[in-house]
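Colleague: So that we are looking at the same thing, I have put the structure below in structure tokens.
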6 protein chains.
Amino acid sequence: MDEFKENLNIASEYGARVTTGIDKLDDIISGGLPKNSITLVSGTPGSGKTILCYQYLWEGINNNEKCLFITSDERVSYIIKQANQLGFDFKPYIEQGTIKFIYLDIDKSEIYKEIEKEIRSGQYSRVVLDSLTPISEVPVWVSGVHEIIPTDNATGTLKYPTGSIPATRMHIRRIMTMLSKENCTAVVTSEIPEGSRTLSRDTVSEFIADGIILMDLDTTMDRRKLTVRKMRSTSHTLKPHEIKITVGGIKFL
Amino acid sequence: MDEFKENLNIASEYGARVTTGIDKLDDIISGGLPKNSITLVSGTPGSGKTILCYQYLWEGINNNEKCLFITSDERVSYIIKQANQLGFDFKPYIEQGTIKFIYLDIDKSEIYKEIEKEIRSGQYSRVVLDSLTPISEVPVWVSGVHEIIPTDNATGTLKYPTGSIPATRMHIRRIMTMLSKENCTAVVTSEIPEGSRTLSRDTVSEFIADGIILMDLDTTMDRRKLTVRKMRSTSHTLKPHEIKITVGGIKFL
Amino acid sequence: MDEFKENLNIASEYGARVTTGIDKLDDIISGGLPKNSITLVSGTPGSGKTILCYQYLWEGINNNEKCLFITSDERVSYIIKQANQLGFDFKPYIEQGTIKFIYLDIDKSEIYKEIEKEIRSGQYSRVVLDSLTPISEVPVWVSGVHEIIPTDNATGTLKYPTGSIPATRMHIRRIMTMLSKENCTAVVTSEIPEGSRTLSRDTVSEFIADGIILMDLDTTMDRRKLTVRKMRSTSHTLKPHEIKITVGGIKFL
Amino acid sequence: MDEFKENLNIASEYGARVTTGIDKLDDIISGGLPKNSITLVSGTPGSGKTILCYQYLWEGINNNEKCLFITSDERVSYIIKQANQLGFDFKPYIEQGTIKFIYLDIDKSEIYKEIEKEIRSGQYSRVVLDSLTPISEVPVWVSGVHEIIPTDNATGTLKYPTGSIPATRMHIRRIMTMLSKENCTAVVTSEIPEGSRTLSRDTVSEFIADGIILMDLDTTMDRRKLTVRKMRSTSHTLKPHEIKITVGGIKFL
Amino acid sequence: MDEFKENLNIASEYGARVTTGIDKLDDIISGGLPKNSITLVSGTPGSGKTILCYQYLWEGINNNEKCLFITSDERVSYIIKQANQLGFDFKPYIEQGTIKFIYLDIDKSEIYKEIEKEIRSGQYSRVVLDSLTPISEVPVWVSGVHEIIPTDNATGTLKYPTGSIPATRMHIRRIMTMLSKENCTAVVTSEIPEGSRTLSRDTVSEFIADGIILMDLDTTMDRRKLTVRKMRSTSHTLKPHEIKITVGGIKFL
Amino acid sequence: MDEFKENLNIASEYGARVTTGIDKLDDIISGGLPKNSITLVSGTPGSGKTILCYQYLWEGINNNEKCLFITSDERVSYIIKQANQLGFDFKPYIEQGTIKFIYLDIDKSEIYKEIEKEIRSGQYSRVVLDSLTPISEVPVWVSGVHEIIPTDNATGTLKYPTGSIPATRMHIRRIMTMLSKENCTAVVTSEIPEGSRTLSRDTVSEFIADGIILMDLDTTMDRRKLTVRKMRSTSHTLKPHEIKITVGGIKFL
């Protein structure tokens, strides 16, 4: 009881919250994601990362908030169709301008500028990047004025060896800064290779993000789990929660 | 009971299905593979990956669907003979044009164009690629118009270091895009080295594929297992299923 | 009883102490950190490293000591805001000059000189560096007069291969020497990738620092732990202590 | 009973078999190795790989089949002497032309051509390669007409980095193709480093071979084991079998 | 009883001994370190390696033997002060010339010559090198007359790749030879990264040293351990011994 | 009983034996090492490898056989002295020419020629190489006439990358061939890094040697073990044997 009240007090002290579209998850993290924060949703293949993103944006649509879905997958229409099969029919909202889907084409050198412009001009409340991992692997270089630009020229002008920890860290920082612009509250997915005990393939993004939601599954026990591993400005349990994935998305058991 | 009905409802909502030729497997995944999806069949040596592919195409033949078997092994006639010994006599169907076997010769720079043309023109319903692993290891480069071409020139023009995660990812994406053309529903096999806990040798393809079927064996217990590890647009159990391999292919115990 | 008295005697013999702001932690380490020492606070993401730093500096402010917070994160105002949400309102003290926040921009070649000058001129009693890890990854070179300077030119003039153990060791030594100037007692945070058993990502800084405080968490048991792993000039238990993180910072259970 | 009969039926369906010289092993794999197949015999040092090869060829001699022993060890006469000490006196059969021992000198660029010629002209029924591992490590290059030739020039003209997975895969494929010529049924030994859980040092050959026989030993229990890990066109148990090694070769307990 | 007497006999046969300053340790190793030997003291951070060195030299001072402390840490005065806090007041003995502290500046190309000269001329009975690890990482090259010299030029003239096992081995051999000059009995500390099961970071020095003393700690059980892992010319137990670290140094429990 | 008689029969069939100087070890391996064989003695630091070599040569001296001790350690006189402390006084036998100690100076390009000449001319029955590991790490190149020569020029002319498996394999083969000249029976020591499960640091020599004797120790249980892991032409148990090391060398418990 006392513990619960303490948490409530904290919630109010900790400032504004952005609901996730999963009520029980909001309960755990003092009402929702901290406003203006970046949360990493990490997991092995098939753990439900993208589905959590659909729910997060669907919740935004229901609250009349402007939403942006940035994907590293060129099959944008396939993604929209797949979301629809899970119960999230984004199409009418795309048409009325509440939500926008952008393919982040890492071969376009102007891509970051375009996305930053989009984020600034669009007044988005909710931004999803699905997924951070392929993007953060692209070699980048830093211009004199602290801009980071994807590059084809993988030698000479690079500050760090491609694929090294500091190269990945610099690139992830750049992306995170881009996402934390204005009033965005961002959710970013990240790959965890099966059998790895790290919190992301790059082992760096979890130190930069403000929060980490870990998606996991256990084939022997036929169980799916969601764990709030880190959440700045939030008192939360570290315990894994059993979930299921069905039409309508993630549900706590 | 309720659970089962819920699954049925989902199945219908989730759209058209393509049967696998293994009834019990179809039962688990709401009637079959999602139409137009790409499923990774991953496993250690001798776990039965190729046999599952034979069954998948045999089922297609029985349904009068056009089938394509792309192999990374030049011994095409040996493969057809081996399938025959397992009870799948593809020969008459090759002659009547229902199924086609193609050797994907990774040394031919035009190979992808040819296969894409084949897939488009052939109106294949079912495509198998056995196996993805050796193909995805070939160094590739990207031309200006987003084509990826296998290359002998492993220096200078490569965007990523050969064998690196982003190089493999780019190549696998390219192959997957090729396979998801038109109305194909594709099955792609992938190597898992013995003792590894990953879902493929490359640790990337499982994040790109729409589904993962894991083939496993346990010599101590003399058991073979099949696990549906991931299947987009499908509510499925994560539990491993005991199988046996015999004439006629994989059978659930 | 005897053990306890012996510890007390040691404490007095071991020289002056700097309180941490966490009473129970001070109890364990004979009254506080050894004066003029450098303590590494290592932990996985979300383990509470930065919060310990806030407490350490808040304690300094309450004792009217001059404090310096050096961060590798450019979002300085975000950090100050986040500290505030945890109950540490540094703003008035920044204005009255008791505490200073500096962003260590590793792209500026003069940065070390500036920080050394700051440390010397500022008469800081307490210095925090949060975090050591990204900084120690930057390639450096040594000039003739034993100065180490971050460099963009990662080839040729480097003594050791970038990212190698001796390169990291040399850089960390350089930073530690900078921090141990004058009467500073320093706290330095360090990343431990999840699943690693090392005491820092670099595996070197723990051998150079005078003390190591290990922050850990166990999601299965929903527990957070703090362990004093090493503390020069201090007789201390090696046992992990259960803690919780809440408004006001780290509290021992 | 039923299981056993089913196996017999399979055996006849699965086509011609080549006996191994170890009766109990033949029982397990439906009468012997599939004709024209390549079987990998993998194991740690001292596990009995070479001895299995002696038995395989001795059985051939007893059946009046022509046999070829290709070795990567230049001490050919030492090998013949060692076989003799184990009860396999190959000398008279060498003289009468039933068996031939060849040293595969990987420094000779014409070696593959010579061996292929030998295999084609010699009408060998049984071929042993002992061992594949040192041979597959040699850097090779591909000529325009798909020939693979060992090379001293380890830079520039190589398609893949020496020692990389695709380089090893290409080379092993080349060797396997050479061995599967005509009516040969081949046995190929492969090293497994102690403590490794893979099925070969290269982790690739087990995916290319038609069968895998795993040789293992357990010093704590003083036991030797043989496991049929994979065998195309064969229904077999995966259970390890206890064996002993003595004069006359491998015996099942 | 018999065992004990046998050990005593061995001790006398095994030749002269040098006491360590820790009575119980001397008991275990037949009276002390073998005269003229080199003992590696290996351990994780905070395991007490340096403190054992203080005791070893303090014992030398009490026996009126000349002592040399070679450190890889430039903060020599800090080291002397820290030793003092632990009860070893070396200052008066430095002044009267019984003990000397030298900073081994690996950037000085003449450093080895100077130290060798010091060792030869100084008639030191006891030499400590704390620690071997950072020194052995420095790239070196061999001149025609078998001298090894630290080098800034890390390419071209190096016999082995920097950081490779043979490069490290050559360098450690060079250092060990330097220390085994004249009548020295040397103690050399070495880093073991936390979580590693090796006996040193380099995995080579333990094969070259005459003895290995392993320092370990177990945070869960709050225990510190010392194990004599190897000691040439000595019959010793391999059992770990529980110790504590306090004013006066290491004490056996 | 039957088992034992069978072993005896094998022993006689298996040909001449060379006693090791450790009676119980000879019992296990059918009377001794196979004549003209090469046995690898592998172990972690301090496991007793070198002591086994002393016993092996001491046995030779007692049988009036000519012995050669090749060492990779330049401190030859130190080695002789150390052997003496263990009860093996080789000095008089060096003087009378029964045994010879040679330092294998890997920096001398003519070294292999000299040693081969020595082995051929000296009519040695027993040869020890202590240890193989540092020697096998030296880069070598192959001349046109199949000679392998240590080289300083680590680029360009090397067939395999320095430190790679095939480079090490080629070098070890070369050394093994050198040792198996004439009527020698050789014992070769090899390093196993602590915590490794391999049978040598290089993971290759155990596949080339005719026999492997594994030396091991367990600090927790204070036990030393000797295991015959492999022995060509010998039926032997795989069980570890408990030993102790004392004056006079290795003794079975």
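Ordered as shown in the structure tokens, chains take letters A, B, and onward, while each chain numbers its residues from 1 and ligands are numbered from 1 in the order shown.
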Please report as a tab-separated table every residue of chain C lying within 7 Å of chain A, along with the nearest atom pair and their distance in Å (one decimal), using only C-alpha atoms.

Modeller:
residue	atom	partner	partner_atom	distance
C:Pro45	CA	A:Phe207	CA	5.3
C:Gly46	CA	A:Lys230	CA	4.8
C:Gln82	CA	A:Ser233	CA	6.9
C:Gln85	CA	A:Tyr14	CA	5.3
C:Leu86	CA	A:Ser233	CA	6.7
C:Pro134	CA	A:Pro166	CA	6.9
C:Glu137	CA	A:Pro166	CA	6.1
C:Asp152	CA	A:Lys159	CA	5.8
C:Ala154	CA	A:Lys159	CA	6.9
C:Pro193	CA	A:Thr203	CA	6.2
C:Glu194	CA	A:Thr198	CA	4.8
C:Gly195	CA	A:Arg197	CA	5.0
C:Thr219	CA	A:Leu238	CA	4.7
C:Thr220	CA	A:Lys239	CA	5.7
C:Met221	CA	A:Lys239	CA	6.9
C:Asp222	CA	A:Leu238	CA	4.8
C:Thr246	CA	A:Ser235	CA	6.1
C:Val247	CA	A:Ile10	CA	6.9

Colleague: Could you please write out, as an NGL selection string, every residue of region 172-203 of chain B that DSSP assigns to strand (DSSP E or B)?

Modeller: :B and (185-191)

Colleague: For Ile106 (chain F), list every protein, DNA or RNA residue within 7 Å, evaluated using only C-alpha atoms, and leave out those in the same chain fewer than 2 positions away; present the list as a list in words.

Modeller: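 Residues near the query, excluding close chain neighbours: Leu104, Lys108, Ile111, Ile135 and Pro150 of chain F.
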
Colleague: In Å, rounded to a single decimal, give me how far CA of Pro92 (chain C) is from CA of Lys113 (chain C).

Modeller: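 So the answer is 27.8 Å.
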
Colleague: Out of C:Thr44, C:Ser30, C:Asn36, C:Gln96, which residue has the shortest atom-to-atom distance to Ile61 (chain C) when counting only C-alpha atoms?

Modeller: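 So, comparing all the options, the nearest one is C:Gln96.
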
Colleague: Please measure the separation of CA of Lys251 (chain D) and CA of Ser42 (chain D), giving the value in Å to one decimal.

Modeller: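 Between CA of Lys251 (chain D) and CA of Ser42 (chain D) the gap works out to 17.4 Å.
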
Colleague: Give the alpha helix (DSSP H) residues of region 191-252 of chain F, as DSSP finds them on the backbone, and put them as a list in words.

Modeller: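 Selecting the alpha helix (DSSP H) positions of region 191-252 of chain F gives Ser205, Glu206, Phe207 and Ile208 of chain F.
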
Colleague: Name the residues in contact with Leu68 (chain F) at a cut-off of 7 Å, using only C-alpha atoms, excluding same-chain residues fewer than 5 positions from it; report them as a list in words.

Modeller: Ile99, Lys100, Phe101, Tyr124, Arg126, Val127 and Val128 of chain F

Colleague: Please report the interatomic distance between CA of Gly21 (chain A) and CA of Lys117 (chain A) in Å with one decimal.

Modeller: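 Going from CA of Gly21 (chain A) over to CA of Lys117 (chain A) covers 27.2 Å.
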
Colleague: For Ser131 (chain D), list every protein, DNA or RNA residue within 9 Å, evaluated using only C-alpha atoms, and leave out those in the same chain fewer than 3 positions away; present the list as JSON, numbers by chain.

Modeller: {"D": [50, 70, 71, 72, 73, 128, 134, 135, 188, 189, 190, 191]}

Colleague: I'd like the neighbourhood of Ser77 (chain D) as a list in words, where a residue qualifies if any of its atoms comes within 12 Å (using only C-alpha atoms), though same-chain residues fewer than 6 positions away should be ignored.

Modeller: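 Answer for this query is Thr71, Ala83, Asn84, Phe90, Lys91, Ile94, Lys100, Phe101, Ile102 and Tyr103 of chain D.
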
Colleague: Emit the selected residues as a PDB file, in the first residue's frame, including C-alpha atoms.

Modeller:
ATOM      1  CA  THR D  71      46.149 -38.477 -47.005  1.00  0.00           C
ATOM      2  CA  ALA D  83      47.439 -49.631 -39.986  1.00  0.00           C
ATOM      3  CA  ASN D  84      49.310 -52.919 -39.947  1.00  0.00           C
ATOM      4  CA  PHE D  90      47.392 -53.274 -46.666  1.00  0.00           C
ATOM      5  CA  LYS D  91      50.808 -54.018 -48.177  1.00  0.00           C
ATOM      6  CA  ILE D  94      48.881 -52.271 -52.556  1.00  0.00           C
ATOM      7  CA  LYS D 100      46.352 -47.117 -53.509  1.00  0.00           C
ATOM      8  CA  PHE D 101      47.712 -44.565 -51.011  1.00  0.00           C
ATOM      9  CA  ILE D 102      48.222 -40.997 -52.294  1.00  0.00           C
ATOM     10  CA  TYR D 103      49.773 -38.076 -50.462  1.00  0.00           C
TER      11      TYR D 103
END

Colleague: For Glu59 (chain B), please output as a compact mmCIF listing (two decimals) with all heavy atoms, in the first residue's frame all residues within 8 Å (counting only C-alpha atoms; exclusion window: fewer than 2 positions along the same chain).

Modeller:
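Result saved to out07.txt:
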# COMPACT_ATOMS: atom_id res chain seq x y z
N THR B 19 -0.92 -23.74 -47.34
CA THR B 19 -0.65 -24.97 -46.56
C THR B 19 0.78 -25.45 -46.81
O THR B 19 1.35 -25.25 -47.87
CB THR B 19 -1.64 -26.08 -46.95
OG1 THR B 19 -1.61 -26.20 -48.39
CG2 THR B 19 -3.04 -25.74 -46.52
N THR B 20 1.35 -26.12 -45.77
CA THR B 20 2.77 -26.49 -45.83
C THR B 20 2.99 -27.92 -46.30
O THR B 20 4.12 -28.31 -46.58
CB THR B 20 3.41 -26.37 -44.44
OG1 THR B 20 2.74 -27.29 -43.55
CG2 THR B 20 3.31 -24.97 -43.90
N GLY B 21 1.93 -28.71 -46.36
CA GLY B 21 2.09 -30.11 -46.67
C GLY B 21 2.27 -30.96 -45.41
O GLY B 21 2.34 -32.18 -45.48
N GLN B 55 8.43 -31.19 -48.93
CA GLN B 55 7.01 -31.33 -48.59
C GLN B 55 6.21 -30.11 -49.00
O GLN B 55 5.09 -30.22 -49.49
CB GLN B 55 6.85 -31.57 -47.07
CG GLN B 55 7.18 -33.00 -46.67
CD GLN B 55 7.15 -33.17 -45.17
OE1 GLN B 55 8.10 -32.78 -44.51
NE2 GLN B 55 6.09 -33.76 -44.65
N TYR B 56 6.81 -28.95 -48.78
CA TYR B 56 6.13 -27.70 -49.11
C TYR B 56 5.83 -27.62 -50.60
O TYR B 56 4.72 -27.24 -51.01
CB TYR B 56 7.01 -26.53 -48.65
CG TYR B 56 6.47 -25.17 -49.01
CD1 TYR B 56 5.27 -24.72 -48.46
CD2 TYR B 56 7.15 -24.34 -49.89
CE1 TYR B 56 4.78 -23.48 -48.78
CE2 TYR B 56 6.65 -23.10 -50.22
CZ TYR B 56 5.46 -22.66 -49.67
OH TYR B 56 4.96 -21.43 -49.99
N LEU B 57 6.81 -28.02 -51.42
CA LEU B 57 6.59 -27.94 -52.86
C LEU B 57 5.70 -29.08 -53.35
O LEU B 57 4.90 -28.90 -54.28
CB LEU B 57 7.95 -27.96 -53.59
CG LEU B 57 8.85 -26.74 -53.31
CD1 LEU B 57 10.10 -26.79 -54.19
CD2 LEU B 57 8.11 -25.43 -53.52
N ILE B 61 2.41 -28.90 -55.69
CA ILE B 61 2.13 -29.71 -56.90
C ILE B 61 0.76 -30.36 -56.79
O ILE B 61 -0.02 -30.36 -57.75
CB ILE B 61 3.25 -30.76 -57.09
CG1 ILE B 61 4.52 -30.06 -57.60
CG2 ILE B 61 2.81 -31.87 -58.05
CD1 ILE B 61 5.75 -30.94 -57.62
N ASN B 62 0.49 -30.89 -55.60
CA ASN B 62 -0.82 -31.53 -55.39
C ASN B 62 -1.98 -30.55 -55.52
O ASN B 62 -3.11 -30.94 -55.80
CB ASN B 62 -0.87 -32.23 -54.02
CG ASN B 62 0.01 -33.47 -54.02
OD1 ASN B 62 0.26 -34.07 -55.07
ND2 ASN B 62 0.49 -33.85 -52.84
N ASN B 63 -1.69 -29.27 -55.28
CA ASN B 63 -2.71 -28.23 -55.42
C ASN B 63 -2.68 -27.55 -56.78
O ASN B 63 -3.30 -26.50 -56.97
CB ASN B 63 -2.53 -27.14 -54.33
CG ASN B 63 -2.72 -27.70 -52.94
OD1 ASN B 63 -3.25 -28.80 -52.76
ND2 ASN B 63 -2.26 -26.95 -51.95
